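**Q** For reference, the structure I am asking about is given below.
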Protein chains: 2
Amino acid sequence: MTASITDVARAGGVSASTVSRALRGRPGVSAEVRDRIVALAAQLGYTASRSASSLASGRTYTIGVLVPYVGRWFFGTVLDAAERVFSAAGYDVLLYNLGSPETRKRFFTRLPVRKRVDALLTLLIPDEEESAALRSLGVPLVTTVGGPRPGFTVVGIDDRAGTESAVRHLVNLGHRRIGMISGASGPLHWTTPIERRNAYLDVLAAAGIDHDPTLEADGDYTVEGGERAMTELLAAARPPTAVFAQSDEMAMGALRALRRHRLKVPEDVSVVGFDDHELADVVGLTTVAQPVAEQGAEAARLLLRRMDEPDAEPPAAQVQMPIRLVLRETTAPPHPRGPQ
Amino acid sequence: MTASITDVARAGGVSASTVSRALRGRPGVSAEVRDRIVALAAQLGYTASRSASSLASGRTYTIGVLVPYVGRWFFGTVLDAAERVFSAAGYDVLLYNLGSPETRKRFFTRLPVRKRVDALLTLLIPDEEESAALRSLGVPLVTTVGGPRPGFTVVGIDDRAGTESAVRHLVNLGHRRIGMISGASGPLHWTTPIERRNAYLDVLAAAGIDHDPTLEADGDYTVEGGERAMTELLAAARPPTAVFAQSDEMAMGALRALRRHRLKVPEDVSVVGFDDHELADVVGLTTVAQPVAEQGAEAARLLLRRMDEPDAEPPAAQVQMPIRLVLRETTAPPHPRGPQ
DNA sequence: GATCTGAACGCAAACGCTTGCGCAACAGGG
DNA sequence: CCCTGTTGCGCAAGCGTTTGCGTTCAGATC
């Protein structure tokens, strides 16, 4: 078996408490002894058992991260960045992939993170019941995506402004039949699709364009969903000349559908996405860029800071990261005669 | 504070041992008592402290997963699938994102998973020293990617066959100047790029094509790297008419570079990738498809199985998943006059 | 030189669980 | 009716740390 603290203590001719204090840099140990113990521990390959130390101290040095879909670019990128910050600070991360309703439900009823984490970062939006469950854990909570929520610090972007810049761009190009591919079918408490939809409607209204419900379709935030949605839109009585997709992945699905229909982008149909996906540049997609990795890193830093200052009152702060419209090759003025 | 096992015991008028046995379905408890305790525990919202139980039992119900880059599609997808299998089996996953050499080194010297996990899934290839460190943990080890390794069960694909199908496809189309974008700059012990390179060389040799070293470039397995590599190849005295990229992400970077150089794909240059990335279809990329999520799931299942049967002798098995060439729109016979 | 002070260290009690063992109580076989 | 099993449960000893408190001792203070 691996060495325990008493092995080190015995070998060093000191008590276990001294070893503990020496290794964690606590006061009450002379410099010579400390150095000797540190060297000895390294030599013996000693690492404190996390279970034992967290049992004794109540701290776990572990942070839970809740993710809807690790495989999706957005979440993977956020997680990647957050993990770097956490591990640099000496924390381990416990990952929960809560994509399906069943796993999600099971997680919130069993709450396996109880007494296992010092803090929680959630990349999904808990509903009222779920956030109550998380608050009951009594650890700092930070979430990316979504609106303000009591007890949570949230870091995100200005969805409204982002959407406005995208749709206005299409309006300014001269488009009047502007479709939208959204992710409306998600959980109702997820405000992002709603925010973006409202902004979309507002821009149209401001431009004096009547809203046409047949120009909206659900793309489920996936490539396939985007493809289906675009196909749906193309089947409308008067198909759109431009489409705003609420995510780049859906936009790429739309591009695929358009190619299948032998429609040219941007000549026949303009497409603008949201996210600035790593591959958006490859397909030349015009999109609303948001700093994805930075959001993860910032959220992680905020969480660490909140752990340091255990004020009773959680700030419930909201951090907004900058967005900007990136013009590429999928948008252009409408074709004089429209599609088909 | 949250309820402890003694709280439940007291409330139920039994001993803590009985509560422990009842909740974990151990024998030695009558059916009535068991039901009563289970109900009581649920009512009190009791969950056993993982630190305490793992300290006492030595089992952690946690599986460590080592990933080079969570944000990359391949690894994100594998992780996603593996996590589902683990969590369905009641295990938590501890994630280590070991992209940079420093974090990787720190991980292997400090080995924070010691006594923290019951098993380890690594999505990276440990070198000799690293695998020795992992073996010293005394837990089952499974790895995806890479060649056979003592103590490890590995699930992967036939890199050689995959590469051969891709390069042969280009040869069959009539190409003679076939470039390759690889990830050769990675750690030397990573055999994948080497396997693929050897297969590439073999196919060329079999076709009677002399190997031209200026037709090889390093793409670092990233989009940007692929773009740089393609740019490099295009600057060669005699640029290739076709390129095999060892990953789809590099292939997409190559596509971007080609677009920047106003070269048409596949008219001027053919491109074939490897992986069948989620977005490969969107850009019409011809590629070697491998079942990525299935590899993660299969690796996870193998790991669980090995945990169930604690045979002294690890099987050191190797599982190979099927691959197939997917023809899309980035490959065609060479242009009669070649590029430029 | 007696007293005080602080630093450096050891003791032992937690932390919350698991588990080997012991001990009733009870059943059934002789 | 005794003996041997079996079943159901409690006791208590860990598991490997952390940490409050007590002790020792060198040096400073008067």
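Each chain of the structure tokens is named A, B, ... in the order shown, its residues numbered from 1; ligands are numbered from 1 in display order.
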Compile the residues of chain C that lie within 9 Å of chain A, evaluated using only C-alpha atoms (C1' of nucleotides), and express the compilation as a CSV table (one decimal) with N, CA, C and O atoms (P, O5', C5', C4', C3', O3' and C1' of nucleotides), in the first residue's frame.
**A**
```csv
chain,number,residue,atom,x,y,z
C,7,DA,P,4.9,33.5,18.3
C,7,DA,O5',5.9,32.3,18.2
C,7,DA,C5',7.3,32.5,18.4
C,7,DA,C4',8.0,31.1,18.4
C,7,DA,C3',7.5,30.2,17.3
C,7,DA,O3',8.6,29.5,16.8
C,7,DA,C1',7.1,29.2,19.4
C,8,DA,P,8.5,28.5,15.5
C,8,DA,O5',8.4,27.1,16.2
C,8,DA,C5',9.5,26.6,17.0
C,8,DA,C4',9.2,25.2,17.5
C,8,DA,C3',8.7,24.3,16.4
C,8,DA,O3',9.3,23.0,16.5
C,8,DA,C1',7.2,24.3,18.3
C,9,DC,P,9.1,22.0,15.4
C,9,DC,O5',8.2,21.0,16.1
C,9,DC,C5',8.7,20.2,17.2
C,9,DC,C4',7.5,19.8,18.0
C,9,DC,C3',6.6,18.7,17.4
C,9,DC,O3',7.1,17.4,17.9
C,9,DC,C1',5.5,20.2,18.8
C,10,DG,P,6.4,16.1,17.4
C,10,DG,O5',5.4,15.7,18.6
C,10,DG,C5',5.9,15.6,19.9
C,10,DG,C4',4.8,15.3,20.9
C,10,DG,C3',3.9,14.1,20.5
C,10,DG,O3',3.6,13.4,21.7
C,10,DG,C1',2.6,16.1,20.6
C,14,DA,P,-14.7,14.2,21.0
C,14,DA,O5',-14.7,13.1,19.8
C,14,DA,C5',-15.5,13.3,18.8
C,14,DA,C4',-15.0,14.3,17.8
C,14,DA,C3',-15.6,14.2,16.4
C,14,DA,O3',-16.3,15.4,16.1
C,14,DA,C1',-13.2,14.1,16.3
C,15,DC,P,-17.7,15.3,15.5
C,15,DC,O5',-17.5,15.1,13.9
C,15,DC,C5',-16.6,15.9,13.1
C,15,DC,C4',-16.3,15.2,11.9
C,15,DC,C3',-17.3,14.2,11.5
C,15,DC,O3',-18.2,14.7,10.6
C,15,DC,C1',-15.0,13.5,11.1
C,16,DG,P,-19.8,14.5,10.8
C,16,DG,O5',-20.1,13.1,10.0
C,16,DG,C5',-19.7,13.1,8.7
C,16,DG,C4',-19.7,11.6,8.3
C,16,DG,C3',-20.9,10.8,8.6
C,16,DG,O3',-21.3,10.1,7.5
C,16,DG,C1',-19.0,9.7,9.3
```
**Q** Relative to chain A, what is the Cα RMSD of chain B after a least-squares superposition using every Cα atom paired in order?
**A**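 It comes to 0.3 Å after superposition.
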**Q** Pull out every residue of chain D that has at least one atom within 8 Å of chain A, counting only C-alpha atoms (C1' of nucleotides), and report them as an mmCIF file with N, CA, C and O atoms (P, O5', C5', C4', C3', O3' and C1' of nucleotides), in the first residue's frame.
**A**
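Everything below was put into selection-v9.cif:
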```cif
data_model
loop_
_atom_site.group_PDB
_atom_site.id
_atom_site.type_symbol
_atom_site.label_atom_id
_atom_site.label_comp_id
_atom_site.auth_asym_id
_atom_site.auth_seq_id
_atom_site.Cartn_x
_atom_site.Cartn_y
_atom_site.Cartn_z
ATOM 1 P P DC D 15 -6.612 0.711 10.336
ATOM 2 O "O5'" DC D 15 -7.217 1.660 9.217
ATOM 3 C "C5'" DC D 15 -8.001 1.155 8.168
ATOM 4 C "C4'" DC D 15 -8.619 2.314 7.424
ATOM 5 C "C3'" DC D 15 -7.722 3.547 7.400
ATOM 6 O "O3'" DC D 15 -6.952 3.519 6.197
ATOM 7 C "C1'" DC D 15 -10.031 4.097 7.874
ATOM 8 P P DG D 16 -5.362 3.731 6.308
ATOM 9 O "O5'" DG D 16 -5.243 5.321 6.266
ATOM 10 C "C5'" DG D 16 -5.833 6.018 5.175
ATOM 11 C "C4'" DG D 16 -5.911 7.484 5.504
ATOM 12 C "C3'" DG D 16 -4.575 8.081 5.950
ATOM 13 O "O3'" DG D 16 -4.418 9.291 5.251
ATOM 14 C "C1'" DG D 16 -6.251 8.574 7.527
ATOM 15 P P DT D 17 -3.073 10.100 5.264
ATOM 16 O "O5'" DT D 17 -3.629 11.585 5.287
ATOM 17 C "C5'" DT D 17 -3.762 12.247 6.518
ATOM 18 C "C4'" DT D 17 -5.081 12.957 6.551
ATOM 19 C "C3'" DT D 17 -4.963 14.310 7.206
ATOM 20 O "O3'" DT D 17 -5.114 15.317 6.233
ATOM 21 C "C1'" DT D 17 -6.641 12.958 8.281
ATOM 22 P P DT D 18 -4.560 16.775 6.597
ATOM 23 O "O5'" DT D 18 -5.587 17.275 7.727
ATOM 24 C "C5'" DT D 18 -6.900 17.646 7.340
ATOM 25 C "C4'" DT D 18 -7.672 18.113 8.566
ATOM 26 C "C3'" DT D 18 -7.157 19.413 9.193
ATOM 27 O "O3'" DT D 18 -8.282 20.211 9.482
ATOM 28 C "C1'" DT D 18 -7.262 17.714 10.828
#
```
**Q** From the options A:Ala205, A:Leu40, A:Ala133, A:Ala11, which residue's atoms come nearest to chain B, counting only C-alpha atoms?
**A**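 Distance minimum relative to chain B lands on A:Ala133.
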**Q** I'd like a table as CSV: residues in chain B with an atom no more than 6 Å from chain A, each row giving the shortest atom pair and its distance in Å to one decimal, only C-alpha atoms counted, sorted by chain and rising residue number.
**A**
```
residue,atom,partner,partner_atom,distance
B:Ser49,CA,A:Lys115,CA,5.9
B:Ser51,CA,A:Ser51,CA,4.3
B:Ala52,CA,A:Leu55,CA,5.8
B:Leu55,CA,A:Ser51,CA,5.5
B:Val70,CA,A:Asp80,CA,5.3
B:Gly71,CA,A:Thr77,CA,4.4
B:Gly76,CA,A:Gly71,CA,4.5
B:Thr77,CA,A:Gly71,CA,4.4
B:Asp80,CA,A:Val70,CA,5.3
B:Val93,CA,A:Leu95,CA,5.6
B:Leu94,CA,A:Leu94,CA,4.5
B:Leu95,CA,A:Val93,CA,5.6
B:Arg256,CA,A:Val282,CA,5.3
B:Val282,CA,A:Arg256,CA,5.3
```
**Q** For N, CA, C and O atoms, I'd like the residues from the last selection saved as an mmCIF file, in the first residue's frame.
**A**
```
data_model
loop_
_atom_site.group_PDB
_atom_site.id
_atom_site.type_symbol
_atom_site.label_atom_id
_atom_site.label_comp_id
_atom_site.auth_asym_id
_atom_site.auth_seq_id
_atom_site.Cartn_x
_atom_site.Cartn_y
_atom_site.Cartn_z
ATOM 1 N N SER B 49 -22.015 10.250 3.368
ATOM 2 C CA SER B 49 -20.870 11.058 2.975
ATOM 3 C C SER B 49 -19.878 10.192 2.227
ATOM 4 O O SER B 49 -19.417 9.168 2.719
ATOM 5 N N SER B 51 -16.828 10.836 1.414
ATOM 6 C CA SER B 51 -15.494 10.808 2.014
ATOM 7 C C SER B 51 -15.447 9.763 3.116
ATOM 8 O O SER B 51 -14.536 8.944 3.179
ATOM 9 N N ALA B 52 -16.441 9.805 3.974
ATOM 10 C CA ALA B 52 -16.441 8.870 5.098
ATOM 11 C C ALA B 52 -16.537 7.436 4.623
ATOM 12 O O ALA B 52 -15.797 6.564 5.089
ATOM 13 N N LEU B 55 -13.414 6.333 2.915
ATOM 14 C CA LEU B 55 -12.324 6.160 3.874
ATOM 15 C C LEU B 55 -12.469 4.820 4.591
ATOM 16 O O LEU B 55 -11.511 4.077 4.773
ATOM 17 N N VAL B 70 -10.629 18.590 -23.508
ATOM 18 C CA VAL B 70 -12.068 18.355 -23.434
ATOM 19 C C VAL B 70 -12.794 19.088 -24.544
ATOM 20 O O VAL B 70 -13.831 18.654 -25.036
ATOM 21 N N GLY B 71 -12.238 20.234 -24.943
ATOM 22 C CA GLY B 71 -12.922 21.060 -25.911
ATOM 23 C C GLY B 71 -12.900 20.507 -27.325
ATOM 24 O O GLY B 71 -13.704 20.897 -28.153
ATOM 25 N N GLY B 76 -14.388 15.280 -26.521
ATOM 26 C CA GLY B 76 -15.651 15.653 -25.903
ATOM 27 C C GLY B 76 -16.701 14.585 -26.144
ATOM 28 O O GLY B 76 -17.458 14.215 -25.232
ATOM 29 N N THR B 77 -16.712 14.074 -27.360
ATOM 30 C CA THR B 77 -17.715 13.076 -27.712
ATOM 31 C C THR B 77 -17.453 11.755 -26.983
ATOM 32 O O THR B 77 -18.372 11.118 -26.473
ATOM 33 N N ASP B 80 -18.369 12.294 -23.324
ATOM 34 C CA ASP B 80 -19.817 12.348 -23.183
ATOM 35 C C ASP B 80 -20.381 10.934 -23.076
ATOM 36 O O ASP B 80 -21.108 10.594 -22.128
ATOM 37 N N VAL B 93 -17.760 10.792 -12.074
ATOM 38 C CA VAL B 93 -16.507 10.890 -12.807
ATOM 39 C C VAL B 93 -15.733 12.142 -12.448
ATOM 40 O O VAL B 93 -16.267 13.233 -12.348
ATOM 41 N N LEU B 94 -14.472 11.903 -12.219
ATOM 42 C CA LEU B 94 -13.523 12.935 -11.863
ATOM 43 C C LEU B 94 -12.747 13.249 -13.136
ATOM 44 O O LEU B 94 -12.100 12.372 -13.698
ATOM 45 N N LEU B 95 -12.839 14.503 -13.565
ATOM 46 C CA LEU B 95 -12.267 14.853 -14.857
ATOM 47 C C LEU B 95 -10.918 15.543 -14.724
ATOM 48 O O LEU B 95 -10.773 16.490 -13.959
ATOM 49 N N ARG B 256 -9.917 25.799 -45.340
ATOM 50 C CA ARG B 256 -9.886 27.236 -45.158
ATOM 51 C C ARG B 256 -8.695 27.854 -45.887
ATOM 52 O O ARG B 256 -8.821 28.858 -46.586
ATOM 53 N N VAL B 282 -21.359 18.834 -43.179
ATOM 54 C CA VAL B 282 -21.735 20.199 -43.542
ATOM 55 C C VAL B 282 -20.801 20.767 -44.594
ATOM 56 O O VAL B 282 -21.231 21.435 -45.522
#
```
**Q** Any idea what the distance is between CA of Leu234 in chain B and CA of Ala217 in chain B?
**A**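 Going from CA of Leu234 in chain B over to CA of Ala217 in chain B covers 10.5 Å.
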**Q** Considering only C-alpha atoms (C1' of nucleotides), return as a short mmCIF file (atom, residue, chain, number, x, y, z; two decimals) with N, CA and C atoms (P, O5', C5', C4', C3', O3' and C1' of nucleotides), in the first residue's frame whatever protein or nucleic-acid residues lie within 12 Å of DT6 in chain D, sequence-local ones (same chain, fewer than 3 positions apart) excluded.
**A**
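Result file part_32.cif:
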```
data_model
loop_
_atom_site.label_atom_id
_atom_site.label_comp_id
_atom_site.auth_asym_id
_atom_site.auth_seq_id
_atom_site.Cartn_x
_atom_site.Cartn_y
_atom_site.Cartn_z
N GLY B 28 -28.26 -9.27 6.38
CA GLY B 28 -28.17 -9.07 7.82
C GLY B 28 -29.20 -8.09 8.33
P DA C 25 -32.81 -12.64 24.46
"O5'" DA C 25 -33.57 -13.18 23.17
"C5'" DA C 25 -33.75 -12.30 22.06
"C4'" DA C 25 -34.15 -13.13 20.87
"C3'" DA C 25 -35.14 -14.26 21.19
"O3'" DA C 25 -36.28 -14.10 20.38
"C1'" DA C 25 -33.33 -15.06 19.89
P DC C 26 -37.62 -14.90 20.72
"O5'" DC C 26 -37.64 -15.97 19.53
"C5'" DC C 26 -37.28 -15.54 18.22
"C4'" DC C 26 -36.83 -16.74 17.42
"C3'" DC C 26 -37.67 -18.00 17.61
"O3'" DC C 26 -38.31 -18.30 16.39
"C1'" DC C 26 -35.36 -18.49 17.54
P DA C 27 -39.49 -19.38 16.37
"O5'" DA C 27 -38.87 -20.47 15.38
"C5'" DA C 27 -38.28 -20.05 14.17
"C4'" DA C 27 -37.39 -21.17 13.65
"C3'" DA C 27 -38.06 -22.54 13.68
"O3'" DA C 27 -38.21 -23.02 12.35
"C1'" DA C 27 -35.87 -22.62 14.65
P DG C 28 -39.15 -24.25 12.09
"O5'" DG C 28 -38.09 -25.43 12.11
"C5'" DG C 28 -37.00 -25.42 11.21
"C4'" DG C 28 -35.98 -26.47 11.64
"C3'" DG C 28 -36.54 -27.90 11.74
"O3'" DG C 28 -35.69 -28.77 11.03
"C1'" DG C 28 -35.41 -27.32 13.74
#
```
**Q** Would you list, as a ChimeraX atom specification, the residues of range 29-216 of chain A that end up in helix (DSSP H, G or I) under DSSP run on this structure's backbone?
**A** /A:31-44,50-57,73-88,101-110,128-135,159-172,192-206,213-215
**Q** Just asking: which residues within range 143-225 of chain B are strand (DSSP E or B) according to DSSP, as a list in words?
**A**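 Residues of range 143-225 of chain B classed as strand (DSSP E or B): Thr143, Thr144, Phe152, Thr153, Val154, Val155, Gly156, Ile157, Ile178, Gly179, Met180, Ile181, Ser182, Glu216, Ala217 and Asp218 of chain B.
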**Q** Find the spatial neighbours of Arg34 in chain A, counting only C-alpha atoms (C1' of nucleotides), within a cut-off of 6 Å - ignore same-chain residues fewer than 3 positions away - and output them as a PyMOL selection string.
**A** chain A and resi 22+31+37
**Q** Record the distance separating CA of Val155 in chain A and CA of His169 in chain A, expressed in Å with one decimal.
**A**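 One can read the CA of Val155 in chain A to CA of His169 in chain A distance as 26.0 Å.
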